[in-house]
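With compact mmCIF, C-alpha atoms and all ligand atoms inside, this is run_18.txt:
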```
# COMPACT_ATOMS: atom_id res chain seq x y z
CA MET A 221 80.46 -122.00 -7.49
CA ALA A 222 80.11 -120.15 -10.79
CA ASN A 223 83.11 -118.06 -11.82
CA SER A 224 82.55 -114.46 -12.92
CA PRO A 225 83.25 -113.83 -16.62
CA ASP A 226 86.42 -111.93 -15.62
CA ALA A 227 87.68 -114.85 -13.59
CA LEU A 228 87.38 -116.97 -16.74
CA ARG A 229 89.49 -114.66 -18.85
CA PRO A 230 92.87 -116.22 -19.62
CA ILE A 231 96.09 -114.68 -18.36
CA ILE A 232 97.80 -112.92 -21.27
CA VAL A 233 101.58 -112.93 -21.33
CA ARG A 234 103.95 -111.57 -23.94
CA THR A 235 107.39 -112.63 -22.69
CA VAL A 236 109.05 -115.97 -22.05
CA LYS A 237 109.96 -114.79 -18.55
CA GLN A 238 106.30 -114.12 -17.65
CA LEU A 239 105.29 -117.41 -19.24
CA ARG A 240 107.82 -119.35 -17.17
CA GLY A 241 106.63 -117.61 -14.01
CA HIS A 242 103.18 -119.14 -14.50
CA THR A 243 104.26 -122.56 -15.73
CA GLY A 244 106.71 -122.80 -12.81
CA GLN A 245 103.91 -122.15 -10.31
CA TRP A 246 101.68 -124.76 -11.94
CA ARG A 247 104.45 -127.34 -11.98
CA ARG A 248 105.21 -126.74 -8.29
CA ALA A 249 101.52 -127.32 -7.61
CA GLY A 250 101.81 -130.68 -9.40
CA GLN A 251 99.69 -129.60 -12.37
CA THR A 252 100.14 -130.81 -15.93
CA ILE A 253 100.24 -128.44 -18.91
CA GLY A 254 98.73 -128.72 -22.39
CA LEU A 255 99.85 -126.48 -25.26
CA VAL A 256 98.04 -125.61 -28.48
CA PRO A 257 100.35 -123.63 -30.79
CA THR A 258 98.46 -121.43 -33.27
CA MET A 259 98.90 -118.48 -35.58
CA GLY A 260 95.60 -116.98 -34.38
CA ALA A 261 92.43 -116.22 -36.40
CA LEU A 262 91.01 -118.96 -34.24
CA HIS A 263 88.14 -121.09 -35.52
CA ASP A 264 86.30 -124.23 -34.47
CA GLY A 265 89.25 -126.37 -35.54
CA HIS A 266 91.56 -124.62 -33.06
CA ILE A 267 88.89 -124.71 -30.37
CA SER A 268 88.53 -128.48 -30.80
CA LEU A 269 92.31 -128.83 -30.31
CA ALA A 270 92.08 -126.66 -27.19
CA GLN A 271 89.33 -128.94 -25.90
CA ILE A 272 91.55 -132.00 -26.44
CA ALA A 273 94.34 -130.27 -24.51
CA LYS A 274 91.94 -129.39 -21.68
CA ASP A 275 90.74 -132.99 -21.50
CA ASN A 276 94.32 -134.23 -21.18
CA ALA A 277 96.03 -131.67 -18.92
CA ASP A 278 95.25 -129.52 -15.88
CA ARG A 279 96.28 -126.24 -17.52
CA LEU A 280 95.74 -125.01 -21.08
CA ILE A 281 98.17 -122.65 -22.81
CA VAL A 282 97.38 -121.40 -26.33
CA SER A 283 100.14 -119.56 -28.17
CA ILE A 284 99.32 -117.07 -30.91
CA PHE A 285 102.19 -116.06 -33.14
CA VAL A 286 102.11 -115.45 -36.90
CA ASN A 287 105.49 -116.98 -37.61
CA SER A 288 107.27 -115.05 -40.37
CA LYS A 289 109.90 -117.79 -40.72
CA GLN A 290 107.45 -120.31 -42.17
CA PHE A 291 106.27 -118.00 -44.97
CA SER A 292 108.24 -117.57 -48.20
CA PRO A 293 108.42 -114.05 -49.64
CA HIS A 294 105.67 -114.78 -52.20
CA GLU A 295 103.23 -116.05 -49.52
CA ASP A 296 100.47 -114.44 -47.44
CA PHE A 297 102.35 -113.36 -44.28
CA ASP A 298 101.22 -109.72 -44.61
CA ARG A 299 97.57 -110.50 -45.25
CA TYR A 300 97.35 -113.44 -42.80
CA PRO A 301 94.37 -112.54 -40.55
CA ARG A 302 95.25 -111.06 -37.15
CA GLU A 303 92.25 -111.02 -34.80
CA GLN A 304 93.73 -110.81 -31.34
CA ASP A 305 90.70 -109.52 -29.39
CA ALA A 306 88.31 -112.02 -30.96
CA ASP A 307 90.86 -114.80 -30.40
CA VAL A 308 91.20 -114.00 -26.69
CA ALA A 309 87.39 -113.92 -26.34
CA LYS A 310 87.15 -117.38 -27.93
CA LEU A 311 89.85 -118.68 -25.60
CA ALA A 312 88.00 -117.21 -22.62
CA ALA A 313 84.92 -119.15 -23.72
CA VAL A 314 86.89 -122.40 -23.77
CA GLN A 315 88.45 -121.48 -20.41
CA ALA A 316 92.07 -121.41 -21.52
CA ASP A 317 94.35 -120.60 -18.60
CA LEU A 318 96.95 -118.60 -20.48
CA VAL A 319 97.43 -117.04 -23.90
CA PHE A 320 101.05 -116.55 -24.96
CA LEU A 321 101.23 -113.62 -27.39
CA PRO A 322 104.92 -113.00 -28.02
CA SER A 323 106.24 -110.29 -30.33
CA ALA A 324 108.54 -111.11 -33.25
CA ASP A 325 111.44 -109.67 -31.23
CA GLU A 326 110.63 -111.91 -28.28
CA MET A 327 110.76 -114.99 -30.50
CA TYR A 328 113.54 -113.99 -32.87
CA GLY A 329 115.83 -111.60 -31.04
CA GLU A 330 118.68 -109.82 -32.76
CA GLY A 331 121.20 -112.24 -34.21
CA PHE A 332 118.82 -115.21 -34.11
CA ALA A 333 120.68 -117.84 -36.14
CA THR A 334 119.28 -121.28 -35.38
CA THR A 335 117.13 -123.47 -37.62
CA ILE A 336 115.68 -126.85 -36.75
CA HIS A 337 115.39 -129.06 -39.81
CA VAL A 338 113.64 -132.43 -40.12
CA ASP A 339 114.70 -134.45 -43.16
CA ASP A 340 112.81 -137.04 -45.23
CA LEU A 341 109.25 -136.09 -44.36
CA THR A 342 109.91 -132.56 -45.62
CA ARG A 343 111.22 -133.58 -49.04
CA ASP A 344 108.07 -132.86 -51.02
CA LEU A 345 104.27 -132.34 -50.86
CA CYS A 346 103.84 -128.92 -49.20
CA ALA A 347 107.61 -128.40 -49.06
CA ALA A 348 107.86 -128.47 -52.86
CA THR A 349 106.09 -125.14 -53.24
CA ARG A 350 106.52 -123.73 -49.71
CA PRO A 351 110.29 -124.02 -49.22
CA ARG A 352 110.42 -122.22 -45.86
CA LEU A 353 107.38 -123.87 -44.34
CA PHE A 354 108.73 -126.82 -42.39
CA ASP A 355 112.02 -125.34 -41.17
CA GLY A 356 109.97 -122.39 -39.96
CA VAL A 357 107.42 -124.64 -38.26
CA THR A 358 109.96 -126.95 -36.62
CA THR A 359 112.04 -124.02 -35.39
CA ILE A 360 109.09 -122.19 -33.83
CA VAL A 361 107.49 -125.35 -32.44
CA THR A 362 110.78 -126.37 -30.81
CA LYS A 363 111.01 -122.94 -29.22
CA LEU A 364 107.41 -123.08 -28.00
CA LEU A 365 107.95 -126.55 -26.53
CA LEU A 366 111.11 -125.41 -24.73
CA GLN A 367 109.43 -122.23 -23.52
CA THR A 368 106.26 -123.85 -22.17
CA THR A 369 107.59 -127.36 -21.38
CA PRO A 370 104.11 -128.84 -21.79
CA ASP A 371 103.18 -132.44 -20.96
CA ILE A 372 101.10 -132.59 -24.12
CA ALA A 373 100.83 -130.49 -27.25
CA VAL A 374 97.99 -130.77 -29.75
CA PHE A 375 98.10 -130.33 -33.54
CA GLY A 376 95.43 -130.75 -36.21
CA GLU A 377 95.26 -133.57 -38.74
CA LYS A 378 94.31 -131.04 -41.39
CA ASP A 379 98.02 -130.15 -41.60
CA TYR A 380 98.87 -133.83 -41.81
CA GLN A 381 102.43 -133.49 -43.11
CA GLN A 382 103.12 -130.90 -40.40
CA LEU A 383 101.77 -133.28 -37.75
CA LEU A 384 104.12 -136.09 -38.85
CA VAL A 385 107.07 -133.70 -39.06
CA ILE A 386 106.42 -132.51 -35.49
CA ARG A 387 106.08 -136.07 -34.20
CA ARG A 388 109.44 -136.89 -35.81
CA LEU A 389 111.05 -133.75 -34.38
CA VAL A 390 109.91 -134.64 -30.87
CA ARG A 391 111.05 -138.23 -31.22
CA ASP A 392 114.45 -137.37 -32.73
CA LEU A 393 115.26 -134.67 -30.17
CA ASP A 394 113.87 -136.64 -27.18
CA ILE A 395 111.60 -133.76 -26.23
CA ALA A 396 109.56 -134.87 -23.21
CA VAL A 397 106.11 -134.09 -24.58
CA THR A 398 103.29 -136.24 -25.91
CA ILE A 399 101.95 -135.03 -29.25
CA LEU A 400 98.20 -135.51 -29.62
CA SER A 401 96.25 -134.86 -32.80
CA GLY A 402 92.72 -133.67 -33.47
CA PRO A 403 90.58 -134.63 -36.46
CA THR A 404 89.90 -132.04 -39.16
CA LYS A 405 86.86 -129.90 -38.38
CA ARG A 406 84.63 -129.27 -41.36
CA GLU A 407 81.94 -126.84 -42.48
CA PRO A 408 78.49 -128.43 -43.03
CA ASP A 409 79.33 -128.89 -46.73
CA GLY A 410 82.59 -130.66 -45.88
CA LEU A 411 85.12 -127.86 -46.47
CA ALA A 412 87.98 -128.21 -43.99
CA ILE A 413 87.85 -125.22 -41.64
CA SER A 414 90.89 -122.98 -42.12
CA SER A 415 91.84 -119.42 -41.26
CA ARG A 416 92.51 -118.95 -44.97
CA ASN A 417 88.90 -119.77 -45.99
CA GLN A 418 88.02 -116.13 -45.32
CA TYR A 419 90.07 -115.14 -48.40
CA LEU A 420 87.57 -116.97 -50.67
CA THR A 421 84.96 -115.09 -52.71
CA PRO A 422 81.40 -116.53 -52.49
CA GLU A 423 81.90 -118.15 -55.88
CA GLN A 424 85.22 -119.72 -54.89
CA ARG A 425 83.68 -120.84 -51.60
CA GLY A 426 81.14 -122.87 -53.62
CA VAL A 427 83.92 -124.66 -55.49
CA ALA A 428 86.13 -125.12 -52.40
CA ALA A 429 83.93 -127.79 -50.77
CA GLN A 430 84.43 -130.05 -53.77
CA LEU A 431 88.01 -130.70 -52.66
CA ASN A 432 86.81 -132.68 -49.66
CA ARG A 433 84.15 -134.48 -51.67
CA ILE A 434 86.62 -135.61 -54.34
CA LEU A 435 89.24 -136.67 -51.77
CA ARG A 436 86.62 -138.61 -49.82
CA ASP A 437 85.18 -140.35 -52.89
CA THR A 438 88.67 -141.20 -54.17
CA ALA A 439 89.69 -142.54 -50.75
CA ASP A 440 86.54 -144.70 -50.67
CA GLU A 441 87.22 -146.10 -54.15
CA ILE A 442 90.82 -146.96 -53.27
CA ALA A 443 89.78 -148.52 -49.95
CA GLN A 444 87.38 -150.73 -51.91
CA GLY A 445 90.17 -151.98 -54.15
CA SER A 446 90.38 -149.59 -57.11
CA GLY A 447 93.87 -148.87 -58.44
CA ILE A 448 95.59 -145.88 -56.86
CA ALA A 449 97.14 -144.40 -60.03
CA ALA A 450 93.87 -144.49 -61.99
CA GLN A 451 91.85 -143.02 -59.11
CA VAL A 452 94.34 -140.23 -58.55
CA ALA A 453 94.32 -139.35 -62.26
CA LEU A 454 90.51 -139.28 -62.22
CA ALA A 455 90.46 -137.08 -59.11
CA LYS A 456 92.89 -134.63 -60.68
CA SER A 457 90.76 -134.28 -63.79
CA LYS A 458 87.63 -133.79 -61.66
CA LEU A 459 89.33 -131.03 -59.62
CA THR A 460 90.43 -129.22 -62.74
CA GLY A 461 87.01 -129.64 -64.39
CA ILE A 462 85.14 -128.35 -61.34
CA GLY A 463 86.92 -124.99 -61.36
CA PHE A 464 90.04 -125.14 -59.21
CA ASP A 465 92.65 -122.81 -60.68
CA GLY A 466 95.69 -124.94 -59.97
CA MET A 467 97.00 -127.92 -58.08
CA ASP A 468 100.28 -128.24 -56.17
CA TYR A 469 99.77 -131.96 -55.59
CA LEU A 470 97.25 -134.72 -55.20
CA GLU A 471 98.91 -137.86 -53.89
CA VAL A 472 98.29 -141.08 -52.02
CA ARG A 473 101.06 -141.72 -49.49
CA ASP A 474 101.89 -144.12 -46.69
CA ALA A 475 100.19 -142.70 -43.59
CA ASP A 476 103.32 -142.95 -41.40
CA THR A 477 106.26 -142.33 -43.72
CA LEU A 478 104.61 -140.26 -46.47
CA GLU A 479 106.42 -142.46 -49.01
CA PRO A 480 104.57 -142.79 -52.34
CA ILE A 481 102.64 -146.05 -52.65
CA ASP A 482 101.03 -147.78 -55.59
CA ARG A 483 99.15 -150.49 -53.65
CA LEU A 484 97.06 -150.20 -50.49
CA GLU A 485 98.72 -152.60 -48.07
CA ARG A 486 98.94 -150.38 -44.99
CA PRO A 487 97.06 -147.30 -43.78
CA ALA A 488 97.47 -144.47 -46.29
CA ARG A 489 96.42 -140.86 -46.75
CA ILE A 490 95.24 -139.03 -49.80
CA LEU A 491 96.57 -135.48 -49.60
CA GLY A 492 95.81 -132.52 -51.82
CA ALA A 493 96.82 -128.88 -52.18
CA VAL A 494 94.85 -126.79 -54.68
CA TRP A 495 94.41 -123.17 -55.61
CA LEU A 496 91.36 -120.97 -55.99
CA GLY A 497 92.64 -117.62 -57.28
CA THR A 498 95.37 -116.60 -54.83
CA THR A 499 94.12 -118.88 -52.05
CA ARG A 500 95.78 -122.23 -51.42
CA LEU A 501 93.67 -124.93 -49.76
CA ILE A 502 94.91 -128.22 -48.34
CA ASP A 503 93.01 -131.25 -47.13
CA ASN A 504 93.55 -134.97 -46.62
CA ARG A 505 91.64 -138.17 -45.90
CA GLU A 506 92.59 -141.44 -44.28
CA ILE A 507 92.50 -144.62 -46.43
CA LEU A 508 92.45 -147.91 -44.55
CA PRO A 509 92.96 -151.24 -46.30
CA SER A 510 89.85 -153.37 -45.78
CA LYS A 511 90.32 -155.93 -42.99
CA SER A 512 89.25 -158.74 -45.30
CA GLY A 513 91.61 -157.45 -48.01
CA GLY A 514 94.37 -159.53 -49.60
CA ASP A 515 94.37 -162.77 -51.49
CA PRO A 516 92.33 -165.38 -49.53
CA LEU A 517 94.42 -168.21 -51.02
CA VAL A 518 97.73 -166.85 -49.68
O1 LIG A 601 99.63 -124.93 -37.84
C1 LIG A 601 99.91 -123.76 -37.51
O2 LIG A 601 99.06 -122.93 -37.24
C2 LIG A 601 101.38 -123.35 -37.49
O3 LIG A 601 102.09 -123.97 -38.49
C3 LIG A 601 102.04 -123.59 -36.11
C4 LIG A 601 102.09 -125.07 -35.76
C5 LIG A 601 101.30 -122.82 -35.04
C6 LIG A 601 103.49 -123.08 -36.14
O4 LIG A 601 103.54 -121.72 -36.43
```
For this file, write the structure as structure tokens.
Amino acid sequence: MANSPDALRPIIVRTVKQLRGHTGQWRRAGQTIGLVPTMGALHDGHISLAQIAKDNADRLIVSIFVNSKQFSPHEDFDRYPREQDADVAKLAAVQADLVFLPSADEMYGEGFATTIHVDDLTRDLCAATRPRLFDGVTTIVTKLLLQTTPDIAVFGEKDYQQLLVIRRLVRDLDIAVTILSGPTKREPDGLAISSRNQYLTPEQRGVAAQLNRILRDTADEIAQGSGIAAQVALAKSKLTGIGFDGMDYLEVRDADTLEPIDRLERPARILGAVWLGTTRLIDNREILPSKSGGDPLV
């Protein structure tokens, strides 16, 4: 029987108490719960994560909270897009069961004094220029996991360092949730879809897609045996030549530990963060050593 459009609209809750009322009912009915944490301004990337959660759990919760704690004072917290009505409509279309839309006071009440910190993986890359990012992310994600107690939670590979940090957090704190990841969704020209793409001028938008192309070509070269240092240097000069205004990093790292590597012996990632005007774009690509790789005489 077809549901009416209203019946498909997700429940909207703004407090942890209301949230727990619904999750408690679902649990008592023996249903599993999937969570997709977001900061809103939802796009196809988020929707693909929601679809993964739906495919792996009976109930889908999407949280929308622009988390002040993960932005440093010089960053874009104030201008970060807030599109609540459009977001809820998109979540209705994907048949989310519940949207959790807490206020800042609900999440960080008076006297809030706790920070969750993951070491090692947060030493550099995005952390070098965004000092509040990962403590802010791990603190809010821990809260969301404790508030919703999901069976699974889904995060995007576009924020690859964040994904590894969250996996480590869950492992270290024995949080009973399975973290799933979704591949980066891209525009037809290859630009990784991001809520921040809407900051780009048409001219910057033309340049932006080159980030993916250069990462992909560099990853292919390294996978085929070219030296990492030389390929990274070449990629950096291409990015600068093509019109990017700055670069926070362009690095090839071990795919699990994010340690720097100079030879491709295990799965790796090439990760980049670049600037176009006041907009910071990140992207990454997998690099797999070829199966036939290595010295045949050894
Ligand atoms: O990736 C994001 O959108 C945010 O960092 C997250 C995980 C929702 C935490 O605020």
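For ligand LIG 601 (chain A), the neighbouring protein, DNA and RNA residues, which are those within 8 Å when all atoms listed in the file are counted, are Val256, Pro257, Thr258, Met259, Gly260, Ser283, Ile284, Phe285, Val286, Asn287, Gln290, Leu353, Gly356, Val357, Thr358, Ile360, Val361, Phe375, Gly376, Asp379 and Gln382 of chain A.
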(request) Find the residues near Arg416 of chain A: any atom within 10 Å, counting only C-alpha atoms, skip ones fewer than 6 places away on the same chain, and give them as a PyMOL selection string. (result) chain A and resi 261+296+299-301+499-501
Residues as selected, C-alpha atoms, written as an mmCIF file, keeping the file's coordinate frame, can you do that?
```cif
data_model
loop_
_atom_site.group_PDB
_atom_site.id
_atom_site.type_symbol
_atom_site.label_atom_id
_atom_site.label_comp_id
_atom_site.auth_asym_id
_atom_site.auth_seq_id
_atom_site.Cartn_x
_atom_site.Cartn_y
_atom_site.Cartn_z
ATOM 1 C CA ALA A 261 92.430 -116.220 -36.400
ATOM 2 C CA ASP A 296 100.470 -114.440 -47.440
ATOM 3 C CA ARG A 299 97.570 -110.500 -45.250
ATOM 4 C CA TYR A 300 97.350 -113.440 -42.800
ATOM 5 C CA PRO A 301 94.370 -112.540 -40.550
ATOM 6 C CA THR A 499 94.120 -118.880 -52.050
ATOM 7 C CA ARG A 500 95.780 -122.230 -51.420
ATOM 8 C CA LEU A 501 93.670 -124.930 -49.760
#
```
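You will find atom CA of Glu330 of chain A at 18.9 Å from atom CA of Asp355 of chain A.
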(request) Record the distance separating atom CA of Val397 of chain A and atom CA of Asp317 of chain A, expressed in Å with one decimal. (result) 18.9 Å
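By chain and then residue number, the residues within 7 Å of segment 479-493 of chain A are Leu435, Ala439, Ile448, Ala449, Met467, Asp468, Tyr469, Leu470, Glu471, Val472, Arg473, Asp474, Ala475, Arg500, Leu501, Ile502, Asp503, Asn504, Arg505, Glu506, Ile507, Leu508 and Pro509 of chain A, counting all atoms listed in the file and disregarding those fewer than 3 positions away in sequence.
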(request) Would you list the contacts of Phe354 of chain A as a PyMOL selection string, taking every protein, DNA or RNA residue within 10 Å and counting only C-alpha atoms, but skipping same-chain residues closer than 5 positions in sequence? (result) chain A and resi 289-291+336-339+341-343+346-347+359-360+381-382+385-386
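If you look at atom CA of Val452 of chain A and atom CA of Arg436 of chain A, they are 11.8 Å away from each other.
These residues, each with an atom at most 7 Å from (94.8, -136.5, -26.7) using only C-alpha atoms, are Ile272, Ala273, Asn276, Leu400 and Ser401 of chain A.
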Can you pull out every residue within 7 Å of segment 233-243 of chain A, counting only C-alpha atoms, but drop anything in the same chain fewer than 4 positions away, and send it as a PDB file with C-alpha atoms, keeping the file's coordinate frame?
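Dumped to selection-v1.pdb:
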```pdb
ATOM      1  CA  ARG A 247     104.450-127.340 -11.980  1.00  0.00           C
ATOM      2  CA  VAL A 319      97.430-117.040 -23.900  1.00  0.00           C
ATOM      3  CA  PHE A 320     101.050-116.550 -24.960  1.00  0.00           C
ATOM      4  CA  LEU A 321     101.230-113.620 -27.390  1.00  0.00           C
ATOM      5  CA  PRO A 322     104.920-113.000 -28.020  1.00  0.00           C
ATOM      6  CA  SER A 323     106.240-110.290 -30.330  1.00  0.00           C
ATOM      7  CA  GLU A 326     110.630-111.910 -28.280  1.00  0.00           C
ATOM      8  CA  GLN A 367     109.430-122.230 -23.520  1.00  0.00           C
ATOM      9  CA  THR A 368     106.260-123.850 -22.170  1.00  0.00           C
TER      10      THR A 368
END
```
(request) Give the answer as one residue: which of A:Ile442, A:Gly250, A:Thr498, A:Gly265 has the shortest atom-to-atom distance to Glu407 of chain A, using all atoms listed in the file? (result) A:Gly265
(request) Go through A:Lys511, A:His294, A:Arg391, A:Arg433 and flag the residue nearest Gly445 of chain A, using all atoms listed in the file for the distances. (result) A:Lys511
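Checking A:Gln245, A:Thr369, A:Gln271, A:Gln315 one by one against Pro230 of chain A, counting only C-alpha atoms, you find the shortest gap at A:Gln315.
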(request) Mind listing whatever residues come within 9 Å of the point (98.2, -134.0, -20.2)? Use only C-alpha atoms, file coordinates, and give them as an MDAnalysis selection string. (result) chainID A and resid 252:254 273:279 370:373 398
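Proximity to Thr404 of chain A was assessed for A:Arg248, A:Lys378, A:Arg387, A:Arg425 counting all atoms listed in the file; the smallest distance is recorded for A:Lys378.
Among A:Asp344, A:Asn417, A:Leu393, A:Arg352, the residue with the shortest atom-to-atom distance to Leu262 of chain A, counting only C-alpha atoms, is A:Asn417.
Proximity ranking of A:Ser457, A:Pro408, A:Thr349, A:Ser288 relative to Ala324 of chain A places A:Ser288 first, based on all atoms listed in the file.
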